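Enquirer: Got my_file.txt for you, compact mmCIF, N, CA and C atoms and all ligand atoms:
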```txt
# COMPACT_ATOMS: atom_id res chain seq x y z
N MET A 19 0.86 -1.20 0.00
CA MET A 19 0.00 0.00 0.00
C MET A 19 0.90 1.25 0.00
N ASP A 20 0.82 2.05 -1.03
CA ASP A 20 1.73 3.20 -1.10
C ASP A 20 1.01 4.52 -0.84
N CYS A 21 -0.24 4.45 -0.39
CA CYS A 21 -0.97 5.68 -0.10
C CYS A 21 -0.75 6.07 1.36
N ILE A 22 -0.19 7.25 1.57
CA ILE A 22 0.15 7.70 2.93
C ILE A 22 -1.09 7.76 3.82
N PHE A 23 -2.22 8.19 3.28
CA PHE A 23 -3.42 8.30 4.12
C PHE A 23 -4.02 6.92 4.42
N CYS A 24 -3.93 5.99 3.46
CA CYS A 24 -4.34 4.61 3.76
C CYS A 24 -3.46 4.03 4.86
N ARG A 25 -2.20 4.40 4.84
CA ARG A 25 -1.28 3.91 5.87
C ARG A 25 -1.59 4.53 7.24
N ILE A 26 -2.05 5.77 7.23
CA ILE A 26 -2.49 6.40 8.48
C ILE A 26 -3.73 5.68 9.01
N ILE A 27 -4.67 5.37 8.13
CA ILE A 27 -5.88 4.64 8.53
C ILE A 27 -5.50 3.29 9.13
N ALA A 28 -4.53 2.62 8.49
CA ALA A 28 -4.09 1.31 8.95
C ALA A 28 -3.18 1.39 10.18
N ARG A 29 -2.91 2.62 10.63
CA ARG A 29 -2.03 2.89 11.78
C ARG A 29 -0.59 2.44 11.54
N GLU A 30 -0.21 2.33 10.29
CA GLU A 30 1.19 2.03 9.97
C GLU A 30 2.03 3.29 10.06
N VAL A 31 1.36 4.42 9.91
CA VAL A 31 2.01 5.73 10.04
C VAL A 31 1.27 6.45 11.16
N PRO A 32 2.02 6.98 12.15
CA PRO A 32 1.34 7.65 13.26
C PRO A 32 0.71 8.97 12.85
N SER A 33 -0.38 9.31 13.52
CA SER A 33 -1.02 10.61 13.31
C SER A 33 -1.78 10.96 14.58
N THR A 34 -2.11 12.22 14.71
CA THR A 34 -2.93 12.64 15.85
C THR A 34 -4.39 12.56 15.44
N THR A 35 -4.98 11.43 15.73
CA THR A 35 -6.38 11.22 15.36
C THR A 35 -7.29 11.97 16.32
N VAL A 36 -8.24 12.70 15.78
CA VAL A 36 -9.16 13.45 16.64
C VAL A 36 -10.58 12.89 16.56
N TYR A 37 -10.84 12.08 15.54
CA TYR A 37 -12.18 11.50 15.40
C TYR A 37 -12.10 10.32 14.45
N GLU A 38 -12.89 9.28 14.72
CA GLU A 38 -13.03 8.22 13.72
C GLU A 38 -14.34 7.50 13.90
N ASP A 39 -14.88 7.04 12.80
CA ASP A 39 -16.07 6.19 12.83
C ASP A 39 -15.97 5.19 11.67
N GLY A 40 -17.04 4.54 11.36
CA GLY A 40 -17.00 3.50 10.33
C GLY A 40 -16.69 4.03 8.94
N GLN A 41 -16.95 5.31 8.72
CA GLN A 41 -16.78 5.85 7.37
C GLN A 41 -15.56 6.75 7.19
N VAL A 42 -15.22 7.49 8.24
CA VAL A 42 -14.16 8.49 8.09
C VAL A 42 -13.17 8.45 9.26
N VAL A 43 -12.00 9.03 9.02
CA VAL A 43 -11.00 9.26 10.07
C VAL A 43 -10.59 10.73 9.95
N ALA A 44 -10.40 11.39 11.10
CA ALA A 44 -9.94 12.78 11.10
C ALA A 44 -8.70 12.88 11.96
N PHE A 45 -7.69 13.60 11.45
CA PHE A 45 -6.42 13.73 12.18
C PHE A 45 -5.82 15.09 11.86
N ARG A 46 -4.89 15.52 12.73
CA ARG A 46 -4.28 16.84 12.55
C ARG A 46 -3.27 16.83 11.40
N ASP A 47 -3.31 17.90 10.62
CA ASP A 47 -2.37 18.03 9.50
C ASP A 47 -0.95 18.16 10.05
N ILE A 48 -0.01 17.50 9.39
CA ILE A 48 1.38 17.47 9.84
C ILE A 48 2.04 18.84 9.66
N ASN A 49 1.49 19.64 8.77
CA ASN A 49 2.06 20.97 8.48
C ASN A 49 0.93 22.01 8.56
N PRO A 50 0.48 22.28 9.81
CA PRO A 50 -0.75 23.08 9.97
C PRO A 50 -0.62 24.51 9.45
N GLN A 51 -1.63 24.95 8.73
CA GLN A 51 -1.68 26.30 8.17
C GLN A 51 -2.47 27.25 9.05
N ALA A 52 -2.99 26.74 10.15
CA ALA A 52 -3.79 27.54 11.09
C ALA A 52 -3.79 26.80 12.42
N PRO A 53 -4.16 27.48 13.53
CA PRO A 53 -4.17 26.80 14.83
C PRO A 53 -4.97 25.49 14.81
N THR A 54 -6.10 25.50 14.13
CA THR A 54 -6.80 24.23 13.87
C THR A 54 -6.63 23.90 12.39
N HIS A 55 -6.03 22.77 12.12
CA HIS A 55 -5.93 22.27 10.74
C HIS A 55 -6.07 20.76 10.80
N ILE A 56 -7.26 20.32 10.49
CA ILE A 56 -7.61 18.90 10.59
C ILE A 56 -8.00 18.39 9.21
N LEU A 57 -7.61 17.15 8.92
CA LEU A 57 -8.00 16.51 7.66
C LEU A 57 -9.06 15.45 7.97
N VAL A 58 -10.13 15.47 7.22
CA VAL A 58 -11.17 14.43 7.34
C VAL A 58 -11.11 13.60 6.06
N ILE A 59 -10.88 12.30 6.22
CA ILE A 59 -10.72 11.44 5.04
C ILE A 59 -11.64 10.23 5.13
N PRO A 60 -12.08 9.74 3.96
CA PRO A 60 -12.87 8.50 3.98
C PRO A 60 -11.96 7.30 4.24
N ARG A 61 -12.48 6.30 4.93
CA ARG A 61 -11.68 5.07 5.13
C ARG A 61 -11.39 4.38 3.81
N ARG A 62 -12.34 4.47 2.90
CA ARG A 62 -12.17 3.87 1.56
C ARG A 62 -11.22 4.73 0.75
N HIS A 63 -10.32 4.11 0.03
CA HIS A 63 -9.39 4.89 -0.81
C HIS A 63 -10.13 5.43 -2.03
N ILE A 64 -10.42 6.71 -1.99
CA ILE A 64 -11.01 7.42 -3.13
C ILE A 64 -9.96 8.45 -3.53
N PRO A 65 -9.45 8.39 -4.77
CA PRO A 65 -8.31 9.25 -5.12
C PRO A 65 -8.60 10.74 -4.99
N SER A 66 -9.76 11.19 -5.47
CA SER A 66 -10.02 12.63 -5.40
C SER A 66 -11.51 12.91 -5.38
N LEU A 67 -11.83 14.16 -5.14
CA LEU A 67 -13.23 14.61 -5.13
C LEU A 67 -13.92 14.24 -6.44
N ALA A 68 -13.17 14.32 -7.53
CA ALA A 68 -13.73 14.06 -8.86
C ALA A 68 -14.16 12.60 -9.03
N ASP A 69 -13.70 11.73 -8.15
CA ASP A 69 -14.05 10.31 -8.24
C ASP A 69 -15.32 9.96 -7.48
N LEU A 70 -15.89 10.94 -6.76
CA LEU A 70 -17.13 10.66 -6.04
C LEU A 70 -18.26 10.47 -7.05
N THR A 71 -19.14 9.54 -6.74
CA THR A 71 -20.31 9.30 -7.59
C THR A 71 -21.57 9.62 -6.78
N GLU A 72 -22.71 9.53 -7.42
CA GLU A 72 -23.97 9.80 -6.70
C GLU A 72 -24.13 8.88 -5.50
N ALA A 73 -23.60 7.68 -5.62
CA ALA A 73 -23.70 6.72 -4.52
C ALA A 73 -22.92 7.20 -3.29
N ASP A 74 -22.01 8.14 -3.50
CA ASP A 74 -21.19 8.65 -2.39
C ASP A 74 -21.79 9.89 -1.73
N GLU A 75 -22.99 10.29 -2.13
CA GLU A 75 -23.61 11.47 -1.52
C GLU A 75 -23.65 11.40 0.01
N PRO A 76 -24.06 10.26 0.58
CA PRO A 76 -24.08 10.19 2.05
C PRO A 76 -22.69 10.37 2.66
N LEU A 77 -21.68 9.80 2.03
CA LEU A 77 -20.31 9.93 2.53
C LEU A 77 -19.86 11.39 2.46
N ALA A 78 -20.11 12.03 1.33
CA ALA A 78 -19.69 13.43 1.16
C ALA A 78 -20.38 14.31 2.21
N GLY A 79 -21.66 14.08 2.43
CA GLY A 79 -22.39 14.83 3.46
C GLY A 79 -21.84 14.55 4.84
N HIS A 80 -21.52 13.30 5.09
CA HIS A 80 -20.99 12.91 6.39
C HIS A 80 -19.66 13.62 6.67
N MET A 81 -18.82 13.72 5.66
CA MET A 81 -17.53 14.39 5.85
C MET A 81 -17.73 15.84 6.29
N VAL A 82 -18.72 16.50 5.71
CA VAL A 82 -18.99 17.90 6.06
C VAL A 82 -19.57 18.00 7.47
N ILE A 83 -20.46 17.09 7.81
CA ILE A 83 -21.07 17.11 9.15
C ILE A 83 -20.01 16.83 10.22
N VAL A 84 -19.09 15.91 9.92
CA VAL A 84 -17.99 15.62 10.86
C VAL A 84 -17.12 16.87 11.01
N ALA A 85 -16.85 17.56 9.93
CA ALA A 85 -16.06 18.79 10.01
C ALA A 85 -16.76 19.81 10.92
N ASN A 86 -18.05 19.94 10.80
CA ASN A 86 -18.81 20.86 11.66
C ASN A 86 -18.68 20.47 13.13
N LYS A 87 -18.81 19.18 13.39
CA LYS A 87 -18.69 18.68 14.77
C LYS A 87 -17.31 19.00 15.33
N LEU A 88 -16.29 18.78 14.51
CA LEU A 88 -14.92 19.03 14.95
C LEU A 88 -14.69 20.52 15.18
N ALA A 89 -15.31 21.36 14.36
CA ALA A 89 -15.19 22.81 14.55
C ALA A 89 -15.76 23.19 15.92
N ARG A 90 -16.87 22.60 16.29
CA ARG A 90 -17.44 22.87 17.63
C ARG A 90 -16.50 22.37 18.71
N GLN A 91 -15.99 21.15 18.51
CA GLN A 91 -15.07 20.54 19.48
C GLN A 91 -13.79 21.37 19.65
N GLU A 92 -13.35 21.99 18.58
CA GLU A 92 -12.13 22.81 18.61
C GLU A 92 -12.38 24.21 19.16
N GLY A 93 -13.67 24.53 19.35
CA GLY A 93 -14.02 25.85 19.87
C GLY A 93 -13.93 26.97 18.84
N ILE A 94 -14.05 26.63 17.56
CA ILE A 94 -13.94 27.66 16.52
C ILE A 94 -15.26 27.87 15.77
N ALA A 95 -16.29 27.14 16.19
CA ALA A 95 -17.55 27.18 15.43
C ALA A 95 -18.16 28.58 15.39
N GLU A 96 -18.11 29.28 16.53
CA GLU A 96 -18.73 30.61 16.62
C GLU A 96 -17.96 31.64 15.80
N ARG A 97 -16.65 31.54 15.86
CA ARG A 97 -15.80 32.54 15.20
C ARG A 97 -15.77 32.37 13.70
N GLY A 98 -15.93 31.16 13.26
CA GLY A 98 -15.90 30.88 11.83
C GLY A 98 -14.68 30.07 11.45
N TYR A 99 -14.79 29.40 10.35
CA TYR A 99 -13.74 28.49 9.92
C TYR A 99 -13.92 28.22 8.43
N ARG A 100 -13.03 27.43 7.89
CA ARG A 100 -13.10 27.11 6.46
C ARG A 100 -12.97 25.61 6.25
N VAL A 101 -13.76 25.12 5.31
CA VAL A 101 -13.67 23.72 4.89
C VAL A 101 -13.30 23.75 3.42
N SER A 102 -12.24 23.05 3.05
CA SER A 102 -11.88 23.07 1.64
C SER A 102 -11.37 21.70 1.18
N ILE A 103 -11.55 21.45 -0.09
CA ILE A 103 -11.11 20.20 -0.70
C ILE A 103 -10.35 20.55 -1.98
N SER A 104 -9.08 20.18 -2.03
CA SER A 104 -8.29 20.38 -3.24
C SER A 104 -8.52 19.19 -4.15
N CYS A 105 -8.64 19.47 -5.44
CA CYS A 105 -8.91 18.38 -6.39
C CYS A 105 -8.03 18.52 -7.62
N GLY A 106 -7.21 17.50 -7.84
CA GLY A 106 -6.41 17.42 -9.07
C GLY A 106 -5.23 18.38 -9.10
N LYS A 107 -4.59 18.40 -10.25
CA LYS A 107 -3.33 19.12 -10.44
C LYS A 107 -3.50 20.62 -10.20
N GLU A 108 -4.41 21.23 -10.92
CA GLU A 108 -4.56 22.69 -10.80
C GLU A 108 -5.27 23.06 -9.51
N GLY A 109 -5.98 22.12 -8.91
CA GLY A 109 -6.58 22.34 -7.60
C GLY A 109 -5.56 22.18 -6.48
N LYS A 110 -4.31 21.86 -6.87
CA LYS A 110 -3.20 21.74 -5.93
C LYS A 110 -3.40 20.61 -4.93
N GLN A 111 -3.97 19.50 -5.38
CA GLN A 111 -4.11 18.33 -4.50
C GLN A 111 -2.78 17.60 -4.47
N ALA A 112 -2.19 17.48 -3.27
CA ALA A 112 -0.88 16.85 -3.15
C ALA A 112 -0.98 15.36 -2.83
N VAL A 113 -1.96 15.00 -2.02
CA VAL A 113 -2.10 13.59 -1.61
C VAL A 113 -3.31 12.98 -2.32
N PRO A 114 -3.08 11.94 -3.12
CA PRO A 114 -4.17 11.38 -3.93
C PRO A 114 -5.08 10.41 -3.16
N HIS A 115 -5.57 10.87 -2.01
CA HIS A 115 -6.62 10.18 -1.24
C HIS A 115 -7.51 11.33 -0.77
N LEU A 116 -8.77 11.29 -1.18
CA LEU A 116 -9.71 12.39 -0.87
C LEU A 116 -9.58 12.86 0.58
N HIS A 117 -9.49 14.16 0.76
CA HIS A 117 -9.44 14.71 2.12
C HIS A 117 -10.05 16.10 2.15
N LEU A 118 -10.72 16.36 3.24
CA LEU A 118 -11.32 17.68 3.49
C LEU A 118 -10.47 18.37 4.53
N HIS A 119 -10.10 19.63 4.26
CA HIS A 119 -9.36 20.42 5.24
C HIS A 119 -10.34 21.20 6.10
N LEU A 120 -10.17 21.16 7.41
CA LEU A 120 -10.88 22.05 8.33
C LEU A 120 -9.83 23.00 8.90
N LEU A 121 -10.01 24.29 8.60
CA LEU A 121 -9.04 25.31 9.01
C LEU A 121 -9.73 26.36 9.86
N GLY A 122 -9.07 26.77 10.94
CA GLY A 122 -9.63 27.85 11.75
C GLY A 122 -8.74 28.20 12.91
N GLY A 123 -9.23 29.12 13.73
CA GLY A 123 -8.47 29.55 14.89
C GLY A 123 -7.67 30.81 14.63
N ARG A 124 -7.72 31.32 13.43
CA ARG A 124 -7.15 32.63 13.11
C ARG A 124 -8.00 33.22 11.99
N ARG A 125 -7.82 34.53 11.78
CA ARG A 125 -8.54 35.16 10.67
C ARG A 125 -7.90 34.72 9.36
N LEU A 126 -8.60 33.95 8.59
CA LEU A 126 -8.05 33.43 7.34
C LEU A 126 -8.07 34.51 6.28
N THR A 127 -7.14 34.40 5.33
CA THR A 127 -7.10 35.39 4.25
C THR A 127 -8.02 34.94 3.12
N ASN A 128 -8.19 35.81 2.15
CA ASN A 128 -9.02 35.45 1.01
C ASN A 128 -8.32 34.49 0.06
N GLU A 129 -7.02 34.36 0.26
CA GLU A 129 -6.23 33.44 -0.55
C GLU A 129 -6.74 32.01 -0.31
N LEU A 130 -7.26 31.39 -1.34
CA LEU A 130 -7.75 30.02 -1.17
C LEU A 130 -6.65 29.01 -1.45
N GLY A 131 -5.52 29.52 -1.90
CA GLY A 131 -4.43 28.59 -2.24
C GLY A 131 -3.59 28.22 -1.05
P1 LIG B 201 -3.56 18.77 -0.29
O1 LIG B 201 -2.50 19.73 -0.71
O2 LIG B 201 -3.45 17.44 -1.02
O3 LIG B 201 -4.95 19.33 -0.31
O4 LIG B 201 -3.30 18.48 1.24
C1 LIG B 201 -2.49 17.46 1.70
C2 LIG B 201 -2.26 17.74 3.17
O5 LIG B 201 -1.81 16.56 3.79
C3 LIG B 201 -1.20 18.83 3.41
O6 LIG B 201 -1.79 19.88 4.18
C4 LIG B 201 -0.11 18.08 4.17
O7 LIG B 201 0.50 18.87 5.17
C5 LIG B 201 -0.85 16.90 4.76
N1 LIG B 201 -0.03 15.70 4.94
C6 LIG B 201 0.79 15.12 4.02
N2 LIG B 201 1.38 14.03 4.53
C7 LIG B 201 0.92 13.91 5.81
C8 LIG B 201 1.17 12.96 6.85
O8 LIG B 201 1.94 12.01 6.71
N3 LIG B 201 0.53 13.17 8.03
C9 LIG B 201 -0.33 14.21 8.23
N4 LIG B 201 -0.92 14.31 9.44
N5 LIG B 201 -0.60 15.11 7.27
C10 LIG B 201 0.03 14.97 6.07
ZN ZN B 202 -5.50 5.95 0.25
```
How does this structure look as structure tokens?

Expert:
Amino acid sequence: MDCIFCRIIAREVPSTTVYEDGQVVAFRDINPQAPTHILVIPRRHIPSLADLTEADEPLAGHMVIVANKLARQEGIAERGYRVSISCGKEGKQAVPHLHLHLLGGRRLTNELG
């Protein structure tokens, strides 16, 4: 298995896990861009957002709801936060396993990159 996020799910690579259930795992980004920077990933290896199908609607919704829960848990829900998903080359996706970024804890800039 050469996918770093699959290896994190398999606990072959350590990470700071903050949430997990049957569908998703959430852990702190190794190179945080904000005081809160958490990645929410599906347990199933899905390469990118573009690979989601209609059958994945519940999973996609679940990822967003988990991000909301984590924002409350992190104490940033009231102040505001950002959820983003990079997709493909020009979307600057570096790791080819679908992941949602939850960013907050500081005033974010308009720069989405
Ligand atoms: P992307 O640029 O693909 O949207 O985001 C990939 C994210 O994964 C980056 O923010 C990067 O810091 C994070 N990342 C890459 N490798 C690891 C790792 O081994 N552990 C953790 N916790 N985060 C990682
Ligand atoms: Zn993977």

Enquirer: Name the residues, by chain letter and number, that sit within 5 Å of ligand ZN 202 (chain B) using all atoms listed in the file, and give them as JSON, numbers by chain.

Expert: {"A": [21, 23, 24, 63, 115]}

Enquirer: What residues of the protein or nucleic acid chains come within 8 Å of ligand LIG 201 (chain B) when you use all atoms listed in the file? Reply as JSON, numbers by chain.

Expert: {"A": [22, 23, 26, 31, 32, 33, 34, 45, 46, 47, 48, 49, 50, 51, 55, 57, 102, 103, 104, 105, 106, 109, 110, 111, 112, 113, 114, 115, 116, 117, 118, 119]}

Enquirer: Near range 83-94 of chain A, counting only C-alpha atoms, which residues have an atom at most 12 Å away, once you skip same-chain residues fewer than 2 positions from it, shown as a PyMOL selection string?

Expert: chain A and resi 35-39+41-46+52-60+76-81+96-103+117-125

Enquirer: Enter the distance from CA of Lys107 in chain A to CA of Ala68 in chain A, in Å, rounded to one decimal.

Expert: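 Atom-to-atom, CA of Lys107 in chain A and CA of Ala68 in chain A are spaced 11.7 Å apart.
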
Enquirer: Write down as a ChimeraX atom specification the residues of range 30-113 of chain A whose backbone DSSP state falls under strand (DSSP E or B).

Expert: /A:35-38,42-46,54-60,99-102

Enquirer: Write the residues of the selection above to a file with N, CA and C atoms, as a tab-separated table (two decimals), in the frame of the given file.

Expert:
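Saved result, part34.tsv, follows:
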```
chain	number	residue	atom	x	y	z
A	35	THR	N	-4.98	11.43	15.73
A	35	THR	CA	-6.38	11.22	15.36
A	35	THR	C	-7.29	11.97	16.32
A	36	VAL	N	-8.24	12.70	15.78
A	36	VAL	CA	-9.16	13.45	16.64
A	36	VAL	C	-10.58	12.89	16.56
A	37	TYR	N	-10.84	12.08	15.54
A	37	TYR	CA	-12.18	11.50	15.40
A	37	TYR	C	-12.10	10.32	14.45
A	38	GLU	N	-12.89	9.28	14.72
A	38	GLU	CA	-13.03	8.22	13.72
A	38	GLU	C	-14.34	7.50	13.90
A	42	VAL	N	-15.22	7.49	8.24
A	42	VAL	CA	-14.16	8.49	8.09
A	42	VAL	C	-13.17	8.45	9.26
A	43	VAL	N	-12.00	9.03	9.02
A	43	VAL	CA	-11.00	9.26	10.07
A	43	VAL	C	-10.59	10.73	9.95
A	44	ALA	N	-10.40	11.39	11.10
A	44	ALA	CA	-9.94	12.78	11.10
A	44	ALA	C	-8.70	12.88	11.96
A	45	PHE	N	-7.69	13.60	11.45
A	45	PHE	CA	-6.42	13.73	12.18
A	45	PHE	C	-5.82	15.09	11.86
A	46	ARG	N	-4.89	15.52	12.73
A	46	ARG	CA	-4.28	16.84	12.55
A	46	ARG	C	-3.27	16.83	11.40
A	54	THR	N	-6.10	25.50	14.13
A	54	THR	CA	-6.80	24.23	13.87
A	54	THR	C	-6.63	23.90	12.39
A	55	HIS	N	-6.03	22.77	12.12
A	55	HIS	CA	-5.93	22.27	10.74
A	55	HIS	C	-6.07	20.76	10.80
A	56	ILE	N	-7.26	20.32	10.49
A	56	ILE	CA	-7.61	18.90	10.59
A	56	ILE	C	-8.00	18.39	9.21
A	57	LEU	N	-7.61	17.15	8.92
A	57	LEU	CA	-8.00	16.51	7.66
A	57	LEU	C	-9.06	15.45	7.97
A	58	VAL	N	-10.13	15.47	7.22
A	58	VAL	CA	-11.17	14.43	7.34
A	58	VAL	C	-11.11	13.60	6.06
A	59	ILE	N	-10.88	12.30	6.22
A	59	ILE	CA	-10.72	11.44	5.04
A	59	ILE	C	-11.64	10.23	5.13
A	60	PRO	N	-12.08	9.74	3.96
A	60	PRO	CA	-12.87	8.50	3.98
A	60	PRO	C	-11.96	7.30	4.24
A	99	TYR	N	-14.79	29.40	10.35
A	99	TYR	CA	-13.74	28.49	9.92
A	99	TYR	C	-13.92	28.22	8.43
A	100	ARG	N	-13.03	27.43	7.89
A	100	ARG	CA	-13.10	27.11	6.46
A	100	ARG	C	-12.97	25.61	6.25
A	101	VAL	N	-13.76	25.12	5.31
A	101	VAL	CA	-13.67	23.72	4.89
A	101	VAL	C	-13.30	23.75	3.42
A	102	SER	N	-12.24	23.05	3.05
A	102	SER	CA	-11.88	23.07	1.64
A	102	SER	C	-11.37	21.70	1.18
```
